[in-house]
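Dropping coords-v5.txt in here (compact mmCIF, C-alpha atoms and all ligand atoms):
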```
# COMPACT_ATOMS: atom_id res chain seq x y z
CA MET J 1 51.45 -105.73 -38.95
CA LEU J 2 49.58 -105.18 -42.19
CA ALA J 3 46.23 -103.40 -42.08
CA ILE J 4 43.61 -103.78 -44.77
CA ILE J 5 40.97 -101.12 -45.29
CA GLY J 6 38.05 -102.54 -47.22
CA GLY J 7 35.84 -100.42 -49.44
CA SER J 8 32.56 -101.03 -51.23
CA GLY J 9 32.20 -104.75 -51.81
CA LEU J 10 34.67 -105.63 -49.05
CA THR J 11 32.96 -105.01 -45.72
CA LYS J 12 34.46 -108.16 -44.26
CA LEU J 13 37.38 -110.45 -44.96
CA ALA J 14 35.85 -113.90 -45.13
CA THR J 15 39.25 -115.60 -45.11
CA ILE J 16 40.49 -114.09 -41.84
CA GLU J 17 41.29 -116.82 -39.26
CA ASP J 18 40.42 -116.48 -35.56
CA PRO J 19 38.73 -113.13 -36.07
CA HIS J 20 38.10 -110.97 -33.03
CA ARG J 21 36.73 -107.46 -33.04
CA ARG J 22 37.85 -104.60 -30.86
CA VAL J 23 36.38 -101.11 -30.56
CA VAL J 24 39.17 -98.52 -30.56
CA ARG J 25 38.59 -94.91 -29.52
CA THR J 26 40.78 -92.08 -30.75
CA PRO J 27 41.25 -88.36 -30.00
CA TYR J 28 39.55 -87.78 -33.37
CA GLY J 29 36.39 -89.72 -32.59
CA GLU J 30 35.12 -93.08 -33.68
CA PRO J 31 36.63 -95.12 -36.51
CA SER J 32 34.22 -96.52 -39.12
CA GLY J 33 33.69 -99.61 -36.96
CA ALA J 34 35.34 -102.09 -34.66
CA LEU J 35 38.71 -103.30 -35.90
CA THR J 36 38.87 -106.99 -36.79
CA PHE J 37 42.09 -108.73 -35.79
CA GLY J 38 43.08 -112.19 -36.95
CA ARG J 39 45.40 -114.05 -39.28
CA LEU J 40 45.58 -114.32 -43.04
CA CYS J 41 47.75 -117.20 -44.24
CA GLY J 42 49.17 -117.41 -40.71
CA ARG J 43 50.16 -113.71 -40.46
CA GLU J 44 48.60 -111.21 -38.08
CA VAL J 45 46.45 -108.63 -39.85
CA VAL J 46 43.89 -106.03 -38.89
CA PHE J 47 40.88 -105.21 -41.04
CA LEU J 48 38.68 -102.12 -41.07
CA PRO J 49 35.67 -101.59 -43.35
CA ARG J 50 35.89 -97.95 -44.46
CA HIS J 51 32.13 -97.53 -44.82
CA GLY J 52 31.28 -99.39 -41.60
CA HIS J 53 30.27 -103.01 -41.06
CA ALA J 54 26.81 -102.25 -42.49
CA HIS J 55 28.15 -100.08 -45.32
CA SER J 56 26.34 -97.02 -43.97
CA ILE J 57 29.06 -94.31 -43.94
CA ALA J 58 29.26 -92.24 -47.13
CA PRO J 59 32.72 -91.33 -48.55
CA HIS J 60 32.52 -87.70 -47.38
CA GLU J 61 31.37 -88.79 -43.90
CA VAL J 62 34.15 -91.30 -43.21
CA ASN J 63 36.23 -90.29 -40.20
CA TYR J 64 39.52 -90.84 -42.00
CA ARG J 65 41.58 -89.43 -39.13
CA ALA J 66 40.05 -91.80 -36.59
CA ASN J 67 40.54 -94.76 -38.94
CA ILE J 68 44.22 -94.12 -39.58
CA TRP J 69 44.92 -93.19 -35.95
CA ALA J 70 43.23 -96.36 -34.68
CA LEU J 71 45.22 -98.58 -37.04
CA ARG J 72 48.49 -96.95 -36.00
CA GLU J 73 47.50 -97.21 -32.29
CA GLU J 74 46.96 -100.94 -32.81
CA LYS J 75 50.47 -101.34 -34.25
CA ALA J 76 49.75 -101.43 -37.95
CA THR J 77 52.85 -100.39 -39.91
CA ALA J 78 51.42 -100.62 -43.41
CA ILE J 79 47.99 -100.22 -44.98
CA VAL J 80 46.60 -101.77 -48.13
CA SER J 81 43.53 -99.82 -49.11
CA VAL J 82 40.96 -101.57 -51.29
CA ALA J 83 38.61 -99.15 -53.03
CA SER J 84 36.26 -99.24 -55.98
CA VAL J 85 36.73 -96.73 -58.77
CA GLY J 86 35.27 -95.73 -62.11
CA GLY J 87 37.51 -96.32 -65.11
CA ILE J 88 38.33 -93.29 -67.24
CA ARG J 89 40.84 -95.00 -69.54
CA ALA J 90 39.30 -97.38 -72.06
CA ASP J 91 41.39 -100.28 -70.72
CA LEU J 92 40.24 -99.69 -67.14
CA ALA J 93 37.02 -101.58 -67.76
CA PRO J 94 34.69 -102.96 -65.10
CA GLY J 95 36.33 -105.80 -63.19
CA VAL J 96 39.90 -104.64 -63.85
CA LEU J 97 42.20 -104.31 -60.82
CA ALA J 98 44.82 -101.55 -60.62
CA VAL J 99 47.56 -100.37 -58.28
CA PRO J 100 47.53 -96.59 -58.82
CA HIS J 101 50.74 -94.60 -58.53
CA GLN J 102 49.43 -91.02 -58.31
CA ILE J 103 46.54 -89.03 -56.84
CA ILE J 104 44.76 -85.80 -57.71
CA ASP J 105 42.58 -84.57 -54.86
CA TYR J 106 39.30 -82.81 -55.73
CA THR J 107 37.67 -83.30 -52.33
CA HIS J 108 36.70 -80.41 -50.08
CA GLY J 109 35.71 -79.91 -46.47
CA ARG J 110 37.29 -83.14 -45.21
CA ARG J 111 39.51 -83.14 -42.12
CA GLY J 112 42.72 -83.84 -44.00
CA THR J 113 45.56 -83.47 -41.51
CA PHE J 114 46.66 -84.36 -38.00
CA PHE J 115 48.82 -81.25 -37.97
CA GLU J 116 46.34 -78.57 -36.97
CA GLY J 117 45.19 -76.91 -33.79
CA PRO J 118 46.71 -74.36 -31.43
CA ASP J 119 49.45 -76.59 -29.98
CA GLN J 120 50.64 -78.04 -33.27
CA PRO J 121 53.67 -76.64 -35.05
CA VAL J 122 53.10 -76.07 -38.77
CA THR J 123 54.19 -79.32 -40.42
CA HIS J 124 54.43 -80.17 -44.12
CA VAL J 125 54.86 -83.72 -45.36
CA ASP J 126 56.39 -84.69 -48.68
CA PHE J 127 53.70 -86.22 -50.88
CA THR J 128 55.45 -86.31 -54.27
CA GLU J 129 54.83 -90.04 -54.38
CA PRO J 130 51.57 -90.51 -52.50
CA TYR J 131 51.84 -94.30 -52.40
CA CYS J 132 54.68 -96.27 -50.80
CA PRO J 133 56.72 -97.70 -53.71
CA VAL J 134 57.81 -100.71 -51.65
CA LEU J 135 54.26 -101.66 -50.71
CA ARG J 136 53.08 -101.05 -54.29
CA ALA J 137 55.79 -103.44 -55.50
CA LYS J 138 54.67 -106.04 -52.93
CA LEU J 139 51.07 -105.74 -54.13
CA LEU J 140 52.13 -106.18 -57.75
CA ALA J 141 54.33 -109.16 -56.86
CA ALA J 142 51.45 -110.64 -54.84
CA ALA J 143 49.16 -110.31 -57.86
CA THR J 144 51.71 -112.09 -60.06
CA ALA J 145 52.11 -114.84 -57.44
CA ALA J 146 48.32 -115.22 -57.28
CA GLY J 147 48.10 -115.39 -61.09
CA GLU J 148 45.86 -112.32 -61.19
CA ALA J 149 46.25 -109.59 -63.80
CA VAL J 150 46.64 -106.13 -62.30
CA PHE J 151 47.18 -102.80 -64.04
CA ASP J 152 50.46 -101.29 -62.80
CA GLY J 153 49.91 -97.59 -62.12
CA GLY J 154 47.29 -95.00 -62.85
CA VAL J 155 46.36 -91.54 -61.71
CA TYR J 156 43.48 -91.70 -59.24
CA ALA J 157 41.23 -88.63 -59.07
CA VAL J 158 39.44 -88.35 -55.74
CA THR J 159 36.03 -86.66 -55.96
CA GLN J 160 33.82 -85.54 -53.12
CA GLY J 161 30.78 -87.72 -53.79
CA PRO J 162 28.52 -89.20 -52.85
CA ARG J 163 27.02 -88.37 -56.23
CA LEU J 164 28.76 -89.68 -59.31
CA GLU J 165 30.34 -87.25 -61.76
CA THR J 166 28.91 -85.62 -64.86
CA ALA J 167 30.38 -86.60 -68.24
CA ALA J 168 31.91 -83.12 -68.52
CA GLU J 169 33.55 -83.50 -65.12
CA ILE J 170 35.10 -86.77 -66.26
CA ASP J 171 36.34 -85.02 -69.44
CA ARG J 172 37.96 -82.43 -67.21
CA LEU J 173 39.53 -85.06 -64.95
CA GLU J 174 40.93 -86.78 -68.01
CA ARG J 175 42.40 -83.51 -69.28
CA ASP J 176 44.01 -83.17 -65.86
CA GLY J 177 45.64 -86.56 -66.38
CA ALA J 178 43.35 -88.74 -64.27
CA GLU J 179 42.85 -92.36 -65.34
CA MET J 180 40.42 -93.57 -62.69
CA VAL J 181 38.04 -91.85 -60.29
CA GLY J 182 36.99 -92.72 -56.77
CA MET J 183 35.77 -90.96 -53.64
CA THR J 184 37.90 -92.28 -50.79
CA GLY J 185 41.59 -92.11 -51.71
CA MET J 186 41.99 -88.79 -49.90
CA PRO J 187 42.63 -87.78 -47.22
CA GLU J 188 43.29 -91.42 -46.31
CA ALA J 189 46.62 -91.59 -48.15
CA VAL J 190 48.05 -88.38 -46.72
CA LEU J 191 46.95 -89.16 -43.17
CA ALA J 192 48.84 -92.46 -43.39
CA ARG J 193 51.88 -90.52 -44.63
CA GLU J 194 51.59 -88.05 -41.74
CA LEU J 195 51.73 -90.92 -39.24
CA GLY J 196 54.59 -92.65 -41.05
CA LEU J 197 52.61 -95.67 -42.23
CA SER J 198 53.29 -97.21 -45.64
CA TYR J 199 50.19 -97.04 -47.76
CA ALA J 200 49.22 -98.44 -51.15
CA ALA J 201 45.90 -98.98 -52.89
CA LEU J 202 44.30 -101.78 -54.81
CA SER J 203 41.63 -100.21 -56.99
CA VAL J 204 38.74 -102.26 -58.29
CA VAL J 205 37.07 -100.83 -61.37
CA ALA J 206 33.35 -101.09 -60.66
CA ASN J 207 32.09 -99.23 -63.73
CA PHE J 208 33.19 -97.05 -66.60
CA ALA J 209 33.21 -93.43 -65.43
CA ALA J 210 30.38 -91.16 -66.58
CA GLY J 211 30.35 -90.65 -70.35
CA ARG J 212 32.82 -93.51 -70.98
CA GLY J 213 32.30 -97.00 -72.44
CA ASN J 214 28.93 -98.48 -71.49
CA SER J 215 28.38 -95.50 -69.15
CA ALA J 216 28.08 -93.17 -72.18
CA HIS J 217 24.58 -92.08 -71.17
CA GLU J 218 24.13 -93.46 -67.67
CA ILE J 219 26.02 -95.52 -65.10
CA ASP J 220 24.14 -98.75 -64.53
CA LEU J 221 24.30 -99.02 -60.74
CA LYS J 222 22.42 -102.31 -60.68
CA VAL J 223 25.29 -104.32 -62.14
CA ILE J 224 28.02 -102.92 -59.89
CA GLY J 225 27.31 -105.29 -56.98
CA ALA J 226 27.92 -108.39 -59.09
CA ILE J 227 31.08 -106.92 -60.63
CA LEU J 228 32.51 -106.11 -57.20
CA GLU J 229 31.55 -109.49 -55.78
CA GLU J 230 33.47 -111.34 -58.48
CA ALA J 231 36.43 -108.96 -58.32
CA MET J 232 36.74 -109.23 -54.52
CA GLN J 233 37.49 -112.95 -54.85
CA ARG J 234 40.55 -111.97 -56.90
CA VAL J 235 41.37 -109.20 -54.44
CA SER J 236 41.23 -111.71 -51.61
CA ARG J 237 43.71 -114.03 -53.38
CA ILE J 238 46.08 -111.10 -53.91
CA LEU J 239 45.79 -110.04 -50.26
CA ASP J 240 46.66 -113.57 -49.15
CA ARG J 241 49.88 -113.46 -51.17
CA CYS J 242 50.58 -109.90 -50.04
CA VAL J 243 50.49 -110.70 -46.32
CA GLU J 244 52.80 -113.65 -46.95
CA CYS J 245 55.49 -111.35 -48.32
CA HIS J 246 54.89 -108.63 -45.73
CA ASP J 247 57.06 -109.34 -42.73
CA SER J 248 57.25 -106.10 -40.78
N1 LIG J 301 33.09 -92.22 -59.70
C1 LIG J 301 33.53 -92.00 -58.44
N2 LIG J 301 33.71 -92.99 -57.57
C2 LIG J 301 33.45 -94.24 -57.96
C3 LIG J 301 32.99 -94.53 -59.25
C4 LIG J 301 32.81 -93.47 -60.18
O1 LIG J 301 32.40 -93.66 -61.34
N3 LIG J 301 32.81 -95.89 -59.32
C5 LIG J 301 33.17 -96.38 -58.10
N4 LIG J 301 33.56 -95.39 -57.28
```

Same coordinates, now as C-alpha cells:
Amino acid sequence: MLAIIGGSGLTKLATIEDPHRRVVRTPYGEPSGALTFGRLCGREVVFLPRHGHAHSIAPHEVNYRANIWALREEKATAIVSVASVGGIRADLAPGVLAVPHQIIDYTHGRRGTFFEGPDQPVTHVDFTEPYCPVLRAKLLAAATAAGEAVFDGGVYAVTQGPRLETAAEIDRLERDGAEMVGMTGMPEAVLARELGLSYAALSVVANFAAGRGNSAHEIDLKVIGAILEEAMQRVSRILDRCVECHDS
C-alpha cells in the first residue's frame, strides 16, 4: 500500500474515497495525527499530515520516528512525501514542482534513527541514493501522465527551522550544491530506509529562498498560502496517477 505524507498546504487529501481515520500508537510515541485510510482512484492508500491535522507541529517537533513506524505497522510499503521548499536555483520558482534526487542534512537534535538504545546492535544503512529510484520514476511518469510539468532531480538541503534562512546561509547551501531548501526531508527519508520502505519526495516550491529572486530582501510569507493552494491541485492529480501505477 502507498502512503502519502502531506506537508504544508496538504493537511488532508480531499480526493480520498471512503476515508476513515485510525489512531495508531507506536513505541516511539504519537504520530502527527490519526492515519486516514481510504482509496484514491480505487487503490488503497493511507495519508498522514506531517504537521498534524490542524497544522500545529513545527518541523523540528515532528515525531518522524512515530510517523514512519505507524505507516509501516499499517502495512505501507512505499511513501510519497509531499513537502514545500524554497527554490535556490533560478528555475525553481514559486509554484514549480520537483522530484529531488539528493539530500544534504543540516538538521540537529532530531531523533534520526531506530537503531539506538542498549539492546540494539550498531547498524548502518546505505544512503548513497536517499530516494528510491523506482518510486521516483513512478512519480515522474505519473506527472507526465497527468500532463503536469515536474523538475526531475535536485539537491534538497534540510534545515532545522522553524525560522527561514539568512541570505548568507542560502549562499552557503548553494556552494554546497543545494538547489532547494526545506525543513522536513530528514530524518524522514532515512527512517523510511531503515525500515525498508521505498521513499520519494514531491517538492513544491513555495517561495524563492532567502536572497534569491523576489525574496532578495525578504520572503513574502503572505503569498505562500495561495501558491501552495494552487500547486496542491497539481500535486493531487499527480498522486492520482501515481497510485494507479503503484501495485505493491
Ligand atoms: N526555507 C526552508 N524551508 C522552506 C522554505 C524556505 O525558504 N520554503 C518552504 N519551506

Query raised in the report: What's the 12 Å shell around Val85 (chain J), counting all atoms listed in the file, without same-chain residues fewer than 4 positions away, as a count of residues only?
Result: 43

Query - Coordinates-based distance that separates CA of Ala145 (chain J) from CA of Val235 (chain J) (Å, one decimal) - result: 12.5 Å

Requested in this report: Name all residues at most 8 Å from Gly211 (chain J) (count only C-alpha atoms; drop same-chain ones fewer than 6 positions away) and give them as a list of chain:residue names.
Outcome: J:Thr166, J:Ala167, J:Ala168, J:Ile170, J:His217, J:Glu218

With C-alpha atoms retained, write the just-selected residues as a PDB file, in the coordinates of the input.
```
ATOM      1  CA  THR J 166      28.910 -85.620 -64.860  1.00  0.00           C
ATOM      2  CA  ALA J 167      30.380 -86.600 -68.240  1.00  0.00           C
ATOM      3  CA  ALA J 168      31.910 -83.120 -68.520  1.00  0.00           C
ATOM      4  CA  ILE J 170      35.100 -86.770 -66.260  1.00  0.00           C
ATOM      5  CA  HIS J 217      24.580 -92.080 -71.170  1.00  0.00           C
ATOM      6  CA  GLU J 218      24.130 -93.460 -67.670  1.00  0.00           C
TER       7      GLU J 218
END
```

Report task. Would you mind reading off the distance between CA of Lys138 (chain J) and CA of Ala231 (chain J), one decimal, in Å? Result ->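 If I compute the distance from CA of Lys138 (chain J) to CA of Ala231 (chain J), I get 19.2 Å.
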
Requested in this report: Can you pull out every residue within 8 Å of Arg22 (chain J), counting only C-alpha atoms, but drop anything in the same chain fewer than 6 positions away, and send it as a list in words?
Outcome: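 Near neighbours after the sequence-gap exclusion: Ala34, Leu35, Thr36 and Phe37 of chain J.
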
**Report entry** Counting only C-alpha atoms and all ligand atoms, the residue of J:Val125, J:Leu13, J:Ile88, J:Met186 that sits nearest ligand LIG 301 (chain J)
**Finding:** J:Ile88

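Each of J:Thr15, J:Gln160, J:Asn67, J:Ser56 was compared to ligand LIG 301 (chain J) using all atoms listed in the file, and J:Gln160 turns out to be the nearest.
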
Query raised in the report: Of the candidates J:Glu61, J:Asp220, J:Glu148, J:Glu194, which shows the shortest atom-to-atom distance to ligand LIG 301 (chain J), using all atoms listed in the file?
Result: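 The closest residue to ligand LIG 301 (chain J) is J:Asp220.
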
Report task. Name all residues at most 7 Å from Ala66 (chain J) (count only C-alpha atoms; drop same-chain ones fewer than 2 positions away) and give them as a list in words. Result ->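 In the requested form, the answer reads Thr26, Tyr28, Gly29, Glu30, Pro31, Asn63, Tyr64, Ile68, Trp69 and Ala70 of chain J.
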
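With distances taken over all atoms listed in the file, J:Met232 is the one residue among J:Cys245, J:Ala226, J:Ala76, J:Met232 lying closest to Thr11 (chain J).
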
**Report entry** Straight-line distance linking CA of His53 (chain J) with CA of Ile4 (chain J), stated in Å to one decimal
**Finding:**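 If I compute the distance from CA of His53 (chain J) to CA of Ile4 (chain J), I get 13.9 Å.
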
Region 127-140 of chain J rebuilt with N, CA and C atoms, output as an mmCIF file, in the coordinates of the input:
```
data_model
loop_
_atom_site.group_PDB
_atom_site.id
_atom_site.type_symbol
_atom_site.label_atom_id
_atom_site.label_comp_id
_atom_site.auth_asym_id
_atom_site.auth_seq_id
_atom_site.Cartn_x
_atom_site.Cartn_y
_atom_site.Cartn_z
ATOM 1 N N PHE J 127 54.758 -85.358 -50.350
ATOM 2 C CA PHE J 127 53.700 -86.220 -50.880
ATOM 3 C C PHE J 127 53.894 -86.397 -52.393
ATOM 4 N N THR J 128 55.152 -86.191 -52.832
ATOM 5 C CA THR J 128 55.450 -86.310 -54.270
ATOM 6 C C THR J 128 54.976 -87.654 -54.798
ATOM 7 N N GLU J 129 55.325 -88.699 -54.051
ATOM 8 C CA GLU J 129 54.830 -90.040 -54.380
ATOM 9 C C GLU J 129 53.843 -90.425 -53.303
ATOM 10 N N PRO J 130 52.541 -90.310 -53.574
ATOM 11 C CA PRO J 130 51.570 -90.510 -52.500
ATOM 12 C C PRO J 130 51.482 -91.948 -51.989
ATOM 13 N N TYR J 131 51.896 -92.900 -52.825
ATOM 14 C CA TYR J 131 51.840 -94.300 -52.400
ATOM 15 C C TYR J 131 53.255 -94.804 -52.127
ATOM 16 N N CYS J 132 53.364 -95.707 -51.150
ATOM 17 C CA CYS J 132 54.680 -96.270 -50.800
ATOM 18 C C CYS J 132 55.144 -97.183 -51.949
ATOM 19 N N PRO J 133 56.280 -96.877 -52.573
ATOM 20 C CA PRO J 133 56.720 -97.700 -53.710
ATOM 21 C C PRO J 133 57.017 -99.145 -53.316
ATOM 22 N N VAL J 134 57.483 -99.337 -52.084
ATOM 23 C CA VAL J 134 57.810 -100.710 -51.650
ATOM 24 C C VAL J 134 56.529 -101.530 -51.501
ATOM 25 N N LEU J 135 55.517 -100.932 -50.885
ATOM 26 C CA LEU J 135 54.260 -101.660 -50.710
ATOM 27 C C LEU J 135 53.549 -101.866 -52.054
ATOM 28 N N ARG J 136 53.651 -100.882 -52.944
ATOM 29 C CA ARG J 136 53.080 -101.050 -54.290
ATOM 30 C C ARG J 136 53.724 -102.266 -54.973
ATOM 31 N N ALA J 137 55.070 -102.331 -54.856
ATOM 32 C CA ALA J 137 55.790 -103.440 -55.500
ATOM 33 C C ALA J 137 55.357 -104.782 -54.896
ATOM 34 N N LYS J 138 55.120 -104.792 -53.579
ATOM 35 C CA LYS J 138 54.670 -106.040 -52.930
ATOM 36 C C LYS J 138 53.291 -106.440 -53.451
ATOM 37 N N LEU J 139 52.419 -105.449 -53.620
ATOM 38 C CA LEU J 139 51.070 -105.740 -54.130
ATOM 39 C C LEU J 139 51.143 -106.306 -55.546
ATOM 40 N N LEU J 140 51.998 -105.710 -56.361
ATOM 41 C CA LEU J 140 52.130 -106.180 -57.750
ATOM 42 C C LEU J 140 52.720 -107.583 -57.782
#
```
